[in-house]
file structure_39.cif (mmCIF, C-alpha atoms)
data_start
#
loop_
_atom_site.label_atom_id
_atom_site.label_comp_id
_atom_site.auth_asym_id
_atom_site.auth_seq_id
_atom_site.Cartn_x
_atom_site.Cartn_y
_atom_site.Cartn_z
CA MET A 20 0.00 0.00 0.00
CA ARG A 21 1.17 3.55 -0.71
CA LEU A 22 2.28 5.39 2.41
CA ASP A 23 0.03 8.41 1.79
CA LYS A 24 -3.00 6.13 1.29
CA LEU A 25 -2.20 4.24 4.49
CA LEU A 26 -1.82 7.41 6.56
CA ARG A 27 -5.07 8.86 5.21
CA ALA A 28 -6.84 5.62 6.11
CA GLN A 29 -5.34 5.88 9.60
CA GLY A 30 -6.87 9.32 10.07
CA TYR A 31 -3.87 11.56 9.49
CA GLY A 32 -5.79 13.90 7.21
CA SER A 33 -5.67 14.70 3.53
CA ARG A 34 -2.84 14.01 1.13
CA LYS A 35 -1.65 17.56 1.78
CA ASP A 36 -1.65 16.91 5.53
CA VAL A 37 0.34 13.70 5.02
CA LYS A 38 2.85 15.52 2.85
CA LYS A 39 3.36 18.10 5.60
CA LEU A 40 3.97 15.33 8.15
CA ILE A 41 6.69 13.90 5.94
CA GLN A 42 8.23 17.32 5.31
CA ARG A 43 8.41 17.86 9.07
CA LYS A 44 10.19 14.48 9.36
CA GLN A 45 7.41 13.04 11.51
CA VAL A 46 7.21 9.74 9.60
CA VAL A 47 9.86 7.13 10.36
CA ILE A 48 10.02 3.70 8.70
CA ASP A 49 12.27 1.08 10.28
CA GLY A 50 14.27 3.80 11.96
CA ILE A 51 14.78 5.87 8.80
CA VAL A 52 13.07 9.21 8.26
CA CYS A 53 10.70 8.92 5.28
CA GLN A 54 11.04 11.36 2.39
CA LYS A 55 8.53 10.02 -0.16
CA GLU A 56 4.79 9.92 0.45
CA GLY A 57 4.26 7.61 -2.54
CA GLN A 58 6.50 4.73 -1.48
CA ASN A 59 5.01 1.29 -0.89
CA VAL A 60 4.85 0.15 2.72
CA ASP A 61 3.45 -2.72 4.76
CA PRO A 62 2.75 -2.23 8.50
CA GLN A 63 2.94 -6.00 9.09
CA LEU A 64 6.50 -6.16 7.79
CA GLN A 65 7.78 -2.71 8.71
CA GLU A 66 7.77 -0.50 11.80
CA ILE A 67 6.08 2.74 10.80
CA HIS A 68 5.96 5.58 13.31
CA VAL A 69 4.11 8.89 12.93
CA SER A 70 5.04 11.54 15.48
CA GLY A 71 6.48 8.78 17.66
CA LYS A 72 3.37 6.57 17.53
CA ARG A 73 3.58 3.22 15.75
CA ILE A 74 0.97 2.38 13.15
CA ARG A 75 -0.50 -1.09 13.42
CA ASN A 76 -2.55 -2.49 10.57
CA THR A 77 -3.59 -6.11 10.20
CA GLU A 78 -5.32 -5.79 6.85
CA THR A 79 -2.38 -6.98 4.73
CA VAL A 80 -1.97 -10.76 4.81
CA TYR A 81 0.32 -13.34 3.20
CA TYR A 82 -0.58 -17.02 2.84
CA LEU A 83 1.49 -19.86 1.42
CA LEU A 84 -0.88 -22.41 -0.12
CA ASN A 85 -0.03 -25.85 -1.47
CA LYS A 86 -2.43 -25.74 -4.41
CA PRO A 87 -3.94 -29.15 -5.11
CA GLN A 88 -4.69 -30.51 -8.56
CA GLY A 89 -8.06 -29.47 -9.99
CA VAL A 90 -7.95 -26.03 -8.37
CA VAL A 91 -7.57 -22.91 -10.51
CA ALA A 92 -4.98 -20.28 -9.59
CA ALA A 93 -7.42 -17.41 -10.07
CA CYS A 94 -9.82 -15.28 -8.06
CA SER A 95 -12.91 -16.71 -9.75
CA ASP A 96 -13.88 -19.43 -12.20
CA ARG A 97 -17.28 -20.56 -13.48
CA GLU A 98 -16.47 -24.26 -13.63
CA HIS A 99 -13.78 -25.08 -11.08
CA PRO A 100 -12.84 -24.21 -7.48
CA THR A 101 -10.17 -21.55 -7.09
CA VAL A 102 -7.30 -21.04 -4.67
CA LEU A 103 -9.43 -18.50 -2.79
CA ASP A 104 -11.91 -21.29 -2.04
CA CYS A 105 -9.11 -22.91 -0.03
CA ILE A 106 -8.98 -19.93 2.34
CA ARG A 107 -11.12 -20.19 5.47
CA LYS A 108 -13.79 -17.54 5.98
CA GLU A 109 -12.07 -16.10 9.06
CA ASP A 110 -8.80 -15.66 7.13
CA TYR A 111 -10.34 -14.04 4.06
CA ARG A 112 -9.54 -10.39 3.33
CA PRO A 113 -10.84 -8.14 0.54
CA GLY A 114 -8.47 -7.98 -2.41
CA LEU A 115 -6.89 -11.41 -1.96
CA TYR A 116 -5.33 -12.78 -5.14
CA PRO A 117 -2.77 -15.43 -6.15
CA ILE A 118 0.60 -14.24 -7.42
CA GLY A 119 1.38 -15.87 -10.75
CA ARG A 120 -0.36 -18.82 -12.30
CA LEU A 121 -0.24 -22.56 -12.04
CA ASP A 122 -2.08 -24.87 -14.43
CA ARG A 123 -5.17 -26.54 -12.98
CA ASP A 124 -3.42 -29.93 -13.01
CA THR A 125 -0.26 -28.54 -11.39
CA GLU A 126 0.28 -28.70 -7.65
CA GLY A 127 2.42 -26.62 -5.38
CA LEU A 128 3.35 -23.36 -3.78
CA THR A 129 1.03 -20.46 -4.44
CA LEU A 130 1.48 -17.16 -2.64
CA ILE A 131 -1.82 -15.45 -1.84
CA THR A 132 -1.94 -11.87 -0.60
CA ASN A 133 -3.81 -8.59 -0.81
CA ASN A 134 -0.56 -6.67 -1.27
CA GLY A 135 -0.84 -5.54 -4.89
CA PRO A 136 2.76 -4.30 -5.42
CA LEU A 137 4.19 -7.62 -4.26
CA GLY A 138 2.75 -9.41 -7.29
CA TYR A 139 4.39 -6.92 -9.61
CA ARG A 140 7.77 -7.32 -7.92
CA MET A 141 7.71 -11.11 -7.92
CA LEU A 142 6.54 -11.50 -11.51
CA HIS A 143 8.44 -8.73 -13.26
CA PRO A 144 11.41 -10.16 -15.24
CA ASP A 145 13.72 -7.38 -14.02
CA TYR A 146 13.68 -8.91 -10.52
CA HIS A 147 14.69 -12.43 -11.66
CA VAL A 148 12.61 -14.28 -9.07
CA GLU A 149 13.35 -18.01 -9.33
CA LYS A 150 10.72 -20.74 -9.36
CA MET A 151 11.65 -24.38 -8.80
CA TYR A 152 9.50 -27.31 -9.94
CA LEU A 153 9.52 -31.03 -9.28
CA VAL A 154 8.83 -32.66 -12.66
CA LYS A 155 8.03 -36.21 -13.77
CA VAL A 156 8.20 -37.02 -17.47
CA ASN A 157 7.22 -40.08 -19.52
CA GLY A 158 10.67 -41.19 -20.62
CA MET A 159 14.41 -40.99 -20.13
CA LEU A 160 16.25 -37.79 -19.37
CA GLU A 161 19.70 -38.22 -20.86
CA PRO A 162 22.71 -36.36 -19.43
CA ASP A 163 22.55 -33.93 -22.38
CA ALA A 164 19.23 -32.59 -21.03
CA VAL A 165 21.12 -30.47 -18.50
CA ASP A 166 22.92 -28.52 -21.24
CA PHE A 167 19.75 -28.45 -23.36
CA PHE A 168 17.90 -26.47 -20.67
CA LYS A 169 20.96 -24.44 -19.70
CA ALA A 170 21.25 -23.11 -23.26
CA GLY A 171 17.69 -21.74 -23.21
CA VAL A 172 14.97 -23.81 -24.84
CA LEU A 173 13.73 -22.66 -28.25
CA PHE A 174 10.01 -23.16 -28.95
CA LEU A 175 8.56 -23.88 -32.38
CA ASP A 176 7.11 -20.36 -32.58
CA GLY A 177 10.62 -18.91 -32.35
CA VAL A 178 10.41 -17.86 -28.69
CA ARG A 179 13.53 -18.71 -26.70
CA CYS A 180 13.38 -19.16 -22.95
CA GLN A 181 16.03 -17.87 -20.60
CA PRO A 182 18.62 -20.43 -19.44
CA ALA A 183 17.18 -22.85 -16.88
CA LYS A 184 18.78 -25.15 -14.35
CA LEU A 185 17.86 -28.84 -14.63
CA THR A 186 18.85 -31.34 -11.95
CA ILE A 187 18.07 -34.96 -12.80
CA VAL A 188 16.85 -36.83 -9.72
CA GLN A 189 16.07 -40.17 -11.35
CA SER A 190 16.19 -41.31 -14.96
CA GLY A 191 14.54 -44.39 -16.46
CA LYS A 192 13.17 -45.62 -19.76
CA GLU A 193 9.55 -45.28 -18.68
CA GLU A 194 9.75 -42.33 -16.32
CA SER A 195 12.24 -39.72 -15.11
CA VAL A 196 12.18 -37.22 -12.25
CA ALA A 197 13.96 -33.87 -12.20
CA ARG A 198 13.93 -30.42 -10.63
CA LEU A 199 13.79 -27.42 -12.92
CA THR A 200 14.54 -23.85 -11.87
CA ILE A 201 13.39 -20.99 -14.10
CA ARG A 202 13.09 -17.22 -13.82
CA GLU A 203 10.22 -16.66 -16.23
CA GLY A 204 6.53 -17.47 -16.30
CA LYS A 205 5.50 -18.01 -19.88
CA PHE A 206 2.22 -19.80 -20.58
CA HIS A 207 2.66 -23.56 -20.01
CA GLN A 208 6.41 -22.89 -20.06
CA VAL A 209 7.66 -25.94 -18.16
CA LYS A 210 5.52 -28.36 -20.16
CA LYS A 211 6.58 -26.77 -23.45
CA MET A 212 10.26 -26.91 -22.48
CA PHE A 213 10.13 -30.65 -21.89
CA LEU A 214 8.10 -31.16 -25.06
CA ALA A 215 10.88 -29.38 -26.94
CA TYR A 216 13.26 -31.98 -25.51
CA GLY A 217 10.90 -34.73 -26.61
CA LEU A 218 9.18 -35.73 -23.37
CA LYS A 219 5.74 -35.13 -21.87
CA VAL A 220 5.25 -33.84 -18.33
CA ILE A 221 3.03 -36.24 -16.39
CA TYR A 222 3.35 -34.59 -12.96
CA LEU A 223 4.32 -31.05 -11.97
CA LYS A 224 4.68 -29.40 -8.59
CA ARG A 225 6.10 -25.99 -7.72
CA GLU A 226 8.30 -26.40 -4.65
CA ARG A 227 9.81 -22.92 -4.41
CA PHE A 228 8.79 -19.41 -5.45
CA GLY A 229 11.45 -16.81 -4.76
CA PRO A 230 12.41 -17.03 -1.07
CA PHE A 231 9.44 -19.25 -0.16
CA GLN A 232 9.44 -23.05 -0.02
CA ILE A 233 6.51 -25.47 0.19
CA GLY A 234 8.19 -27.75 2.73
CA ASN A 235 5.85 -30.37 4.23
CA LEU A 236 2.65 -28.40 3.68
CA GLU A 237 -0.08 -30.82 2.60
CA ALA A 238 -2.07 -30.31 -0.59
CA GLY A 239 -4.92 -27.88 0.04
CA ALA A 240 -3.37 -26.56 3.26
CA TYR A 241 -1.99 -23.06 3.78
CA ARG A 242 -0.17 -21.07 6.43
CA THR A 243 0.96 -17.53 7.19
CA LEU A 244 4.58 -16.50 6.82
CA THR A 245 7.06 -17.33 9.55
CA LYS A 246 8.93 -14.48 11.23
CA GLU A 247 12.02 -15.33 9.18
CA GLU A 248 10.04 -15.36 5.92
CA GLY A 249 8.50 -12.03 6.82
CA GLN A 250 11.96 -10.54 7.26
CA VAL A 251 13.08 -11.91 3.89
CA LEU A 252 9.96 -10.50 2.24
CA LYS A 253 10.59 -7.14 3.87
CA GLU A 254 14.09 -7.06 2.42
CA PHE A 255 12.71 -8.09 -0.97
CA LEU A 256 10.25 -5.18 -0.96
CA ASP A 257 12.85 -2.58 0.08
#

call {"tool": "encode", "arguments": {"input": "structure_39.cif", "output": "structure tokens"}}
result
Amino acid sequence: MRLDKLLRAQGYGSRKDVKKLIQRKQVVIDGIVCQKEGQNVDPQLQEIHVSGKRIRNTETVYYLLNKPQGVVAACSDREHPTVLDCIRKEDYRPGLYPIGRLDRDTEGLTLITNNGPLGYRMLHPDYHVEKMYLVKVNGMLEPDAVDFFKAGVLFLDGVRCQPAKLTIVQSGKEESVARLTIREGKFHQVKKMFLAYGLKVIYLKRERFGPFQIGNLEAGAYRTLTKEEGQVLKEFLD
């Protein structure tokens, strides 16, 4: 949320009044005097003081969800349940949305929040946020697959992906397992990359998204950020 919007919502007057507070050096964020009324802030992750009084706001939330298969990573869908249907009524907040997309048949880590700027930061290519997937394919991954993905996979339509890191976990004639780390989010990207190699993805799960990891969270379950994750997110937003 923008600082000026937050302070107006907290009763500190008009935008002009907020600007005056900042000019008088009455707004301090994490111990540093604020100079820009338009900067993005989050009272749950930062200590914001106005005239020596700390602002406390519990409206911004962050949930890590292990999206199950069959659930759509969207706010609404006419035919299928969405990730927001996984959130309990008491934990729901206006403006909740999932950051990024996962196919309906893909499982794994989905970050849900009502912090709009966070989605922009985590999805914008300039920030190079990594995403790691556990992948099962219907055939053998040869050793040359590592270099194939590292070189940047070229699709039939001429689009080339950025270099990706492939780690082969298990390789067999009927089925192979690997972990793939990418920094992009093109439509059906992971599936298309393996198809370009000649194999079909038969199972896909996102295990990591930026600094967040799915860990032992069961499918359909979610949790709030730990204190350590909150600190990492705070540093990411700075």

call {"tool": "resolve_selection", "arguments": {"input": "structure_39.cif", "expression": "the PyMOL selection byres ((chain A and resi 100-102) around 9)", "output": "number ranges by chain"}}
result
A: 84, 86-87, 89-99, 103-106, 116-117, 129, 131, 239

call {"tool": "atom_distance", "arguments": {"input": "structure_39.cif", "atom1": "CA of Glu226 (chain A)", "atom2": "CA of Arg123 (chain A)"}}
result
15.8 Å

call {"tool": "resolve_selection", "arguments": {"input": "structure_39.cif", "expression": "the PyMOL selection byres ((chain A and resi 241) around 8)", "output": "list in words"}}
result
Tyr82, Leu83, Leu84, Asn85, Ile106, Leu236, Gly239, Ala240, Arg242 and Thr243 of chain A

call {"tool": "write_last_selection", "arguments": {"input": "structure_39.cif", "atoms": "C-alpha atoms", "output": "PDB file, keeping the file's coordinate frame"}}
result
ATOM      1  CA  TYR A  82      -0.580 -17.020   2.840  1.00  0.00           C
ATOM      2  CA  LEU A  83       1.490 -19.860   1.420  1.00  0.00           C
ATOM      3  CA  LEU A  84      -0.880 -22.410  -0.120  1.00  0.00           C
ATOM      4  CA  ASN A  85      -0.030 -25.850  -1.470  1.00  0.00           C
ATOM      5  CA  ILE A 106      -8.980 -19.930   2.340  1.00  0.00           C
ATOM      6  CA  LEU A 236       2.650 -28.400   3.680  1.00  0.00           C
ATOM      7  CA  GLY A 239      -4.920 -27.880   0.040  1.00  0.00           C
ATOM      8  CA  ALA A 240      -3.370 -26.560   3.260  1.00  0.00           C
ATOM      9  CA  ARG A 242      -0.170 -21.070   6.430  1.00  0.00           C
ATOM     10  CA  THR A 243       0.960 -17.530   7.190  1.00  0.00           C
TER      11      THR A 243
END

call {"tool": "residues_around", "arguments": {"input": "structure_39.cif", "residues": "region 33-40 of chain A", "least_positions_apart": "2", "cutoff": "9 Å", "atoms": "all atoms listed in the file", "output": "JSON, numbers by chain"}}
result
{"A": [22, 23, 24, 26, 27, 30, 31, 42, 43, 44, 45, 46, 55, 56, 69, 70]}

call {"tool": "atom_distance", "arguments": {"input": "structure_39.cif", "atom1": "CA of Val165 (chain A)", "atom2": "CA of Asn235 (chain A)"}}
result
27.4 Å

call {"tool": "atom_distance", "arguments": {"input": "structure_39.cif", "atom1": "CA of Pro162 (chain A)", "atom2": "CA of Leu185 (chain A)"}}
result
10.2 Å

call {"tool": "closest_residue", "arguments": {"input": "structure_39.cif", "among": "A:Phe228, A:Asp49, A:Leu173, A:Gln54", "to": "Ile118 (chain A)", "atoms": "only C-alpha atoms"}}
result
A:Phe228

call {"tool": "residues_around", "arguments": {"input": "structure_39.cif", "residues": "Gln208 (chain A)", "least_positions_apart": "3", "cutoff": "12 Å", "atoms": "all atoms listed in the file", "output": "PyMOL selection string"}}
result
chain A and resi 120-122+150+152+171-174+178-181+183+199-205+211-215+220+223

call {"tool": "resolve_selection", "arguments": {"input": "structure_39.cif", "expression": "the PyMOL selection byres ((chain A and resi 225) around 7)", "output": "list in words"}}
result
Glu126, Gly127, Leu128, Met151, Tyr152, Leu153, Leu223, Lys224, Glu226 and Arg227 of chain A

call {"tool": "closest_residue", "arguments": {"input": "structure_39.cif", "among": "A:Ile233, A:Ile41, A:Leu25, A:Ala238", "to": "Gln88 (chain A)", "atoms": "all atoms listed in the file"}}
result
A:Ala238

call {"tool": "closest_residue", "arguments": {"input": "structure_39.cif", "among": "A:Lys108, A:Arg21, A:Gly119, A:Glu254", "to": "Tyr139 (chain A)", "atoms": "only C-alpha atoms"}}
result
A:Gly119
